[in-house]
$ cat coords_31.pdb   # PDB, C-alpha atoms and all ligand atoms
ATOM      1  CA  MET A   1      26.051  29.672 151.139
ATOM      2  CA  SER A   2      22.398  29.222 150.413
ATOM      3  CA  ASP A   3      20.655  27.268 147.646
ATOM      4  CA  ALA A   4      17.593  29.447 147.936
ATOM      5  CA  VAL A   5      16.236  30.913 144.773
ATOM      6  CA  ASN A   6      15.770  34.628 144.751
ATOM      7  CA  THR A   7      12.089  35.157 144.256
ATOM      8  CA  GLU A   8      12.087  38.867 144.753
ATOM      9  CA  THR A   9       9.832  40.637 142.309
ATOM     10  CA  ILE A  10      11.425  43.487 140.511
ATOM     11  CA  PRO A  11       8.952  46.198 139.482
ATOM     12  CA  LEU A  12       8.960  46.951 135.829
ATOM     13  CA  ASN A  13       9.762  50.595 135.490
ATOM     14  CA  VAL A  14       8.299  51.858 132.240
ATOM     15  CA  ASN A  15       9.671  55.264 131.503
ATOM     16  CA  THR A  16       7.117  57.444 129.777
ATOM     17  CA  GLU A  17       9.341  60.476 129.763
ATOM     18  CA  PRO A  18      11.031  61.506 126.500
ATOM     19  CA  VAL A  19      14.321  59.766 126.248
ATOM     20  CA  GLU A  20      17.414  61.862 125.733
ATOM     21  CA  VAL A  21      19.158  60.691 122.623
ATOM     22  CA  GLU A  22      22.829  60.354 123.080
ATOM     23  CA  ASN A  23      24.999  62.194 120.632
ATOM     24  CA  ASP A  24      27.982  60.525 119.052
ATOM     25  CA  GLU A  25      31.456  61.870 119.496
ATOM     26  CA  HIS A  26      30.774  64.609 116.906
ATOM     27  CA  GLY A  27      27.653  65.827 118.662
ATOM     28  CA  VAL A  28      25.266  64.446 116.008
ATOM     29  CA  SER A  29      22.175  62.585 117.111
ATOM     30  CA  ARG A  30      20.654  59.667 115.227
ATOM     31  CA  ARG A  31      17.645  61.822 114.411
ATOM     32  CA  GLU A  32      19.906  64.439 112.831
ATOM     33  CA  LEU A  33      21.712  61.733 110.873
ATOM     34  CA  VAL A  34      18.407  60.355 109.561
ATOM     35  CA  MET A  35      17.238  63.852 108.614
ATOM     36  CA  LYS A  36      20.516  64.535 106.812
ATOM     37  CA  GLY A  37      20.128  61.246 104.942
ATOM     38  CA  VAL A  38      16.565  62.110 103.909
ATOM     39  CA  ILE A  39      17.582  65.616 102.796
ATOM     40  CA  GLY A  40      20.547  64.174 100.897
ATOM     41  CA  GLY A  41      18.253  61.691  99.166
ATOM     42  CA  VAL A  42      15.784  64.404  98.195
ATOM     43  CA  CYS A  43      18.645  66.549  96.827
ATOM     44  CA  LEU A  44      19.985  63.580  94.856
ATOM     45  CA  ALA A  45      16.545  62.846  93.402
ATOM     46  CA  TYR A  46      16.136  66.527  92.469
ATOM     47  CA  THR A  47      19.554  66.599  90.796
ATOM     48  CA  ALA A  48      18.713  63.441  88.846
ATOM     49  CA  ALA A  49      15.314  64.852  87.840
ATOM     50  CA  VAL A  50      16.912  68.034  86.498
ATOM     51  CA  GLY A  51      20.162  66.519  85.219
ATOM     52  CA  TYR A  52      18.774  63.552  83.306
ATOM     53  CA  PRO A  53      16.863  65.611  80.705
ATOM     54  CA  VAL A  54      19.975  67.751  80.215
ATOM     55  CA  TYR A  55      22.076  64.611  79.782
ATOM     56  CA  ARG A  56      19.519  63.219  77.308
ATOM     57  CA  TYR A  57      19.523  66.460  75.366
ATOM     58  CA  LEU A  58      23.311  66.542  75.110
ATOM     59  CA  ASN A  59      23.332  62.937  73.931
ATOM     60  CA  SER A  60      20.451  63.354  71.523
ATOM     61  CA  PRO A  61      20.927  62.447  67.864
ATOM     62  CA  VAL A  62      20.447  66.132  67.032
ATOM     63  CA  GLU A  63      23.370  67.161  69.260
ATOM     64  CA  LYS A  64      25.521  64.304  67.997
ATOM     65  CA  ALA A  65      24.757  65.308  64.418
ATOM     66  CA  ALA A  66      25.702  68.870  65.302
ATOM     67  CA  SER A  67      29.047  67.748  66.739
ATOM     68  CA  VAL A  68      29.692  65.619  63.641
ATOM     69  CA  ALA A  69      28.854  68.590  61.423
ATOM     70  CA  ALA A  70      31.193  70.811  63.457
ATOM     71  CA  VAL A  71      34.236  69.080  61.906
ATOM     72  CA  LYS A  72      34.658  70.488  58.408
ATOM     73  CA  GLU A  73      38.035  69.141  57.357
ATOM     74  CA  VAL A  74      40.455  66.352  58.188
ATOM     75  CA  THR A  75      44.067  66.090  57.045
ATOM     76  CA  LEU A  76      45.395  62.562  56.644
ATOM     77  CA  ASP A  77      49.184  62.734  56.781
ATOM     78  CA  GLY A  78      50.858  60.202  54.497
ATOM     79  CA  ALA A  79      47.578  58.980  53.016
ATOM     80  CA  ASP A  80      48.718  60.057  49.534
ATOM     81  CA  THR A  81      50.694  56.788  49.392
ATOM     82  CA  LEU A  82      47.559  54.646  49.780
ATOM     83  CA  PRO A  83      47.975  51.963  47.071
ATOM     84  CA  ILE A  84      45.617  51.952  44.103
ATOM     85  CA  GLY A  85      42.656  49.619  44.584
ATOM     86  CA  THR A  86      42.680  49.899  48.369
ATOM     87  CA  ALA A  87      40.920  51.866  51.056
ATOM     88  CA  MET A  88      41.584  53.086  54.554
ATOM     89  CA  VAL A  89      39.314  53.953  57.452
ATOM     90  CA  PHE A  90      39.730  57.272  59.251
ATOM     91  CA  LYS A  91      37.756  59.370  61.706
ATOM     92  CA  PHE A  92      35.837  62.367  60.459
ATOM     93  CA  GLY A  93      34.645  64.034  63.661
ATOM     94  CA  THR A  94      32.915  61.273  65.587
ATOM     95  CA  HIS A  95      32.130  59.205  62.479
ATOM     96  CA  PRO A  96      34.231  56.552  60.800
ATOM     97  CA  ALA A  97      34.904  57.370  57.165
ATOM     98  CA  LEU A  98      36.441  55.637  54.155
ATOM     99  CA  LEU A  99      39.130  56.948  51.831
ATOM    100  CA  ILE A 100      39.259  54.878  48.637
ATOM    101  CA  HIS A 101      41.992  55.065  45.981
ATOM    102  CA  HIS A 102      40.285  53.573  42.937
ATOM    103  CA  ASP A 103      41.932  51.570  40.155
ATOM    104  CA  ASP A 104      41.512  54.477  37.721
ATOM    105  CA  GLY A 105      43.537  56.687  40.082
ATOM    106  CA  SER A 106      40.562  58.648  41.400
ATOM    107  CA  TRP A 107      40.054  59.255  45.093
ATOM    108  CA  VAL A 108      36.761  59.134  46.998
ATOM    109  CA  ALA A 109      36.013  59.742  50.670
ATOM    110  CA  LEU A 110      32.667  58.795  52.178
ATOM    111  CA  ASP A 111      31.000  58.615  55.536
ATOM    112  CA  ALA A 112      31.247  54.987  56.704
ATOM    113  CA  VAL A 113      28.073  54.911  58.800
ATOM    114  CA  CYS A 114      25.385  52.863  57.080
ATOM    115  CA  THR A 115      22.249  54.873  56.400
ATOM    116  CA  HIS A 116      20.092  51.933  57.425
ATOM    117  CA  LEU A 117      20.772  51.355  61.124
ATOM    118  CA  GLY A 118      24.213  52.866  61.590
ATOM    119  CA  CYS A 119      26.627  49.946  61.262
ATOM    120  CA  THR A 120      30.107  50.738  59.957
ATOM    121  CA  VAL A 121      30.442  49.869  56.271
ATOM    122  CA  GLN A 122      33.558  48.467  54.564
ATOM    123  CA  TYR A 123      35.140  48.700  51.151
ATOM    124  CA  ASP A 124      34.998  45.356  49.347
ATOM    125  CA  LYS A 125      37.896  45.579  46.923
ATOM    126  CA  GLY A 126      36.835  42.319  45.199
ATOM    127  CA  GLN A 127      33.403  43.682  44.255
ATOM    128  CA  LYS A 128      34.649  47.288  44.196
ATOM    129  CA  LYS A 129      31.641  48.236  46.265
ATOM    130  CA  ILE A 130      30.950  49.360  49.796
ATOM    131  CA  THR A 131      29.098  46.774  51.827
ATOM    132  CA  CYS A 132      27.382  46.642  55.176
ATOM    133  CA  ALA A 133      27.690  43.332  56.976
ATOM    134  CA  CYS A 134      24.725  43.998  59.267
ATOM    135  CA  HIS A 135      21.858  43.531  56.783
ATOM    136  CA  GLY A 136      23.549  43.209  53.420
ATOM    137  CA  GLY A 137      23.409  46.851  52.341
ATOM    138  CA  VAL A 138      25.513  47.732  49.278
ATOM    139  CA  PHE A 139      26.681  51.182  48.145
ATOM    140  CA  ASP A 140      28.445  52.435  45.021
ATOM    141  CA  ALA A 141      32.096  53.012  45.935
ATOM    142  CA  LYS A 142      32.385  56.197  43.849
ATOM    143  CA  THR A 143      29.087  57.963  44.454
ATOM    144  CA  GLY A 144      27.992  56.440  47.764
ATOM    145  CA  LYS A 145      24.603  55.653  46.197
ATOM    146  CA  ASN A 146      22.616  52.939  47.928
ATOM    147  CA  ILE A 147      22.294  50.185  45.311
ATOM    148  CA  ALA A 148      21.099  47.102  47.220
ATOM    149  CA  GLY A 149      19.662  46.017  50.523
ATOM    150  CA  PRO A 150      17.783  48.057  53.091
ATOM    151  CA  PRO A 151      19.783  51.339  53.275
ATOM    152  CA  PRO A 152      17.326  54.120  52.374
ATOM    153  CA  LYS A 153      19.852  56.823  51.468
ATOM    154  CA  PRO A 154      23.311  57.187  49.910
ATOM    155  CA  LEU A 155      26.432  57.601  52.018
ATOM    156  CA  PRO A 156      27.521  61.236  52.294
ATOM    157  CA  VAL A 157      30.532  61.901  50.054
ATOM    158  CA  TYR A 158      33.352  64.270  51.035
ATOM    159  CA  ALA A 159      35.629  66.336  48.825
ATOM    160  CA  VAL A 160      39.183  64.972  48.518
ATOM    161  CA  LYS A 161      42.347  66.931  47.777
ATOM    162  CA  VAL A 162      45.540  64.909  47.385
ATOM    163  CA  GLU A 163      48.815  66.737  47.983
ATOM    164  CA  LYS A 164      52.378  65.604  48.514
ATOM    165  CA  GLY A 165      52.507  63.946  51.900
ATOM    166  CA  LYS A 166      48.834  64.280  52.791
ATOM    167  CA  VAL A 167      45.225  63.983  51.753
ATOM    168  CA  GLN A 168      42.718  66.612  52.783
ATOM    169  CA  VAL A 169      39.115  65.529  53.185
ATOM    170  CA  THR A 170      36.499  68.270  53.391
ATOM    171  CA  ARG A 171      32.795  68.203  54.066
ATOM    172  CA  ALA A 172      31.202  69.191  50.760
TER     173      ALA A 172
HETATM  174  S1  LIG A 201      22.774  48.722  59.105
HETATM  175 FE1  LIG A 201      23.665  48.553  57.156
HETATM  176  S2  LIG A 201      22.253  47.374  56.052
HETATM  177 FE2  LIG A 201      21.345  47.562  57.990
END
$ encode --input "coords_31.pdb" --output "structure tokens" --more "lines below"
Ligand code: FES
Amino acid sequence: MSDAVNTETIPLNVNTEPVEVENDEHGVSRRELVMKGVIGGVCLAYTAAVGYPVYRYLNSPVEKAASVAAVKEVTLDGADTLPIGTAMVFKFGTHPALLIHHDDGSWVALDAVCTHLGCTVQYDKGQKKITCACHGGVFDAKTGKNIAGPPPKPLPVYAVKVEKGKVQVTRA
């Protein structure tokens, strides 16, 4: 056994030849994987570039308004028993709406989306008015007219037909 240190110089062999890239078990090289990733990214970016405007269009206020307008009539089963002096909330298309049975026996249905910034309004049976909690908007509970606060327009009013066992609300 020798304590001598091996001082043999090992020549550094720099290989300047192109290196063969080993394929994985599926026969795909790293270069191919990188290229597939780049192509996939470009395709994803293209899809987003084309799809986003379409998505925006379908979610535009114009399209939403069109889908709201598409619903012409709603039947509220059992709503004919709504007590006098009270109101109920129902869905008219994608909008919340109010059905009010007034003290004088009359019925009114209105869109419940505030014409200011779109909060949902409520019927205040104490004041007998429709109020918006967001910025203090107030509407007439029979006509939907904007009577106080920032709302610039009245609430749309629907036609109401009360029958035995149901109330039909129709876009006027
Ligand atoms: S959203 Fe109703 S008053 Fe502003």
$ residues_near_ligand --input "coords_31.pdb" --ligand "ligand LIG 201 (chain A)" --cutoff "8 Å" --atoms "all atoms listed in the file" --output "PyMOL selection string"
chain A and resi 113-121+131-138+149-151
$ resolve_selection --input "coords_31.pdb" --expression "the PyMOL selection byres (((chain A and resi 167-170) around 7) and not hetatm)" --output "mmCIF file with C-alpha atoms, keeping the file's coordinate frame"
data_model
loop_
_atom_site.group_PDB
_atom_site.id
_atom_site.type_symbol
_atom_site.label_atom_id
_atom_site.label_comp_id
_atom_site.auth_asym_id
_atom_site.auth_seq_id
_atom_site.Cartn_x
_atom_site.Cartn_y
_atom_site.Cartn_z
ATOM 1 C CA LYS A 72 34.658 70.488 58.408
ATOM 2 C CA GLU A 73 38.035 69.141 57.357
ATOM 3 C CA VAL A 74 40.455 66.352 58.188
ATOM 4 C CA THR A 75 44.067 66.090 57.045
ATOM 5 C CA LEU A 76 45.395 62.562 56.644
ATOM 6 C CA ASP A 77 49.184 62.734 56.781
ATOM 7 C CA ALA A 79 47.578 58.980 53.016
ATOM 8 C CA ASP A 80 48.718 60.057 49.534
ATOM 9 C CA TYR A 158 33.352 64.270 51.035
ATOM 10 C CA ALA A 159 35.629 66.336 48.825
ATOM 11 C CA VAL A 160 39.183 64.972 48.518
ATOM 12 C CA LYS A 161 42.347 66.931 47.777
ATOM 13 C CA VAL A 162 45.540 64.909 47.385
ATOM 14 C CA GLU A 163 48.815 66.737 47.983
ATOM 15 C CA LYS A 166 48.834 64.280 52.791
ATOM 16 C CA ARG A 171 32.795 68.203 54.066
ATOM 17 C CA ALA A 172 31.202 69.191 50.760
#
$ residues_near_point --input "coords_31.pdb" --point "(39.7, 53.8, 45.8)" --cutoff "7 Å" --atoms "all atoms listed in the file" --output "JSON list (two decimals) with C-alpha atoms, keeping the file's coordinate frame"
[["chain", "number", "residue", "atom", "x", "y", "z"],
["A", 84, "ILE", "CA", 45.62, 51.95, 44.10],
["A", 85, "GLY", "CA", 42.66, 49.62, 44.58],
["A", 86, "THR", "CA", 42.68, 49.90, 48.37],
["A", 87, "ALA", "CA", 40.92, 51.87, 51.06],
["A", 99, "LEU", "CA", 39.13, 56.95, 51.83],
["A", 100, "ILE", "CA", 39.26, 54.88, 48.64],
["A", 101, "HIS", "CA", 41.99, 55.06, 45.98],
["A", 102, "HIS", "CA", 40.28, 53.57, 42.94],
["A", 103, "ASP", "CA", 41.93, 51.57, 40.16],
["A", 106, "SER", "CA", 40.56, 58.65, 41.40],
["A", 107, "TRP", "CA", 40.05, 59.26, 45.09],
["A", 108, "VAL", "CA", 36.76, 59.13, 47.00]]
$ atom_distance --input "coords_31.pdb" --atom1 "CA of Val157 in chain A" --atom2 "CA of Gly105 in chain A"
17.2 Å
$ atom_distance --input "coords_31.pdb" --atom1 "CA of Met88 in chain A" --atom2 "CA of Lys142 in chain A"
14.5 Å
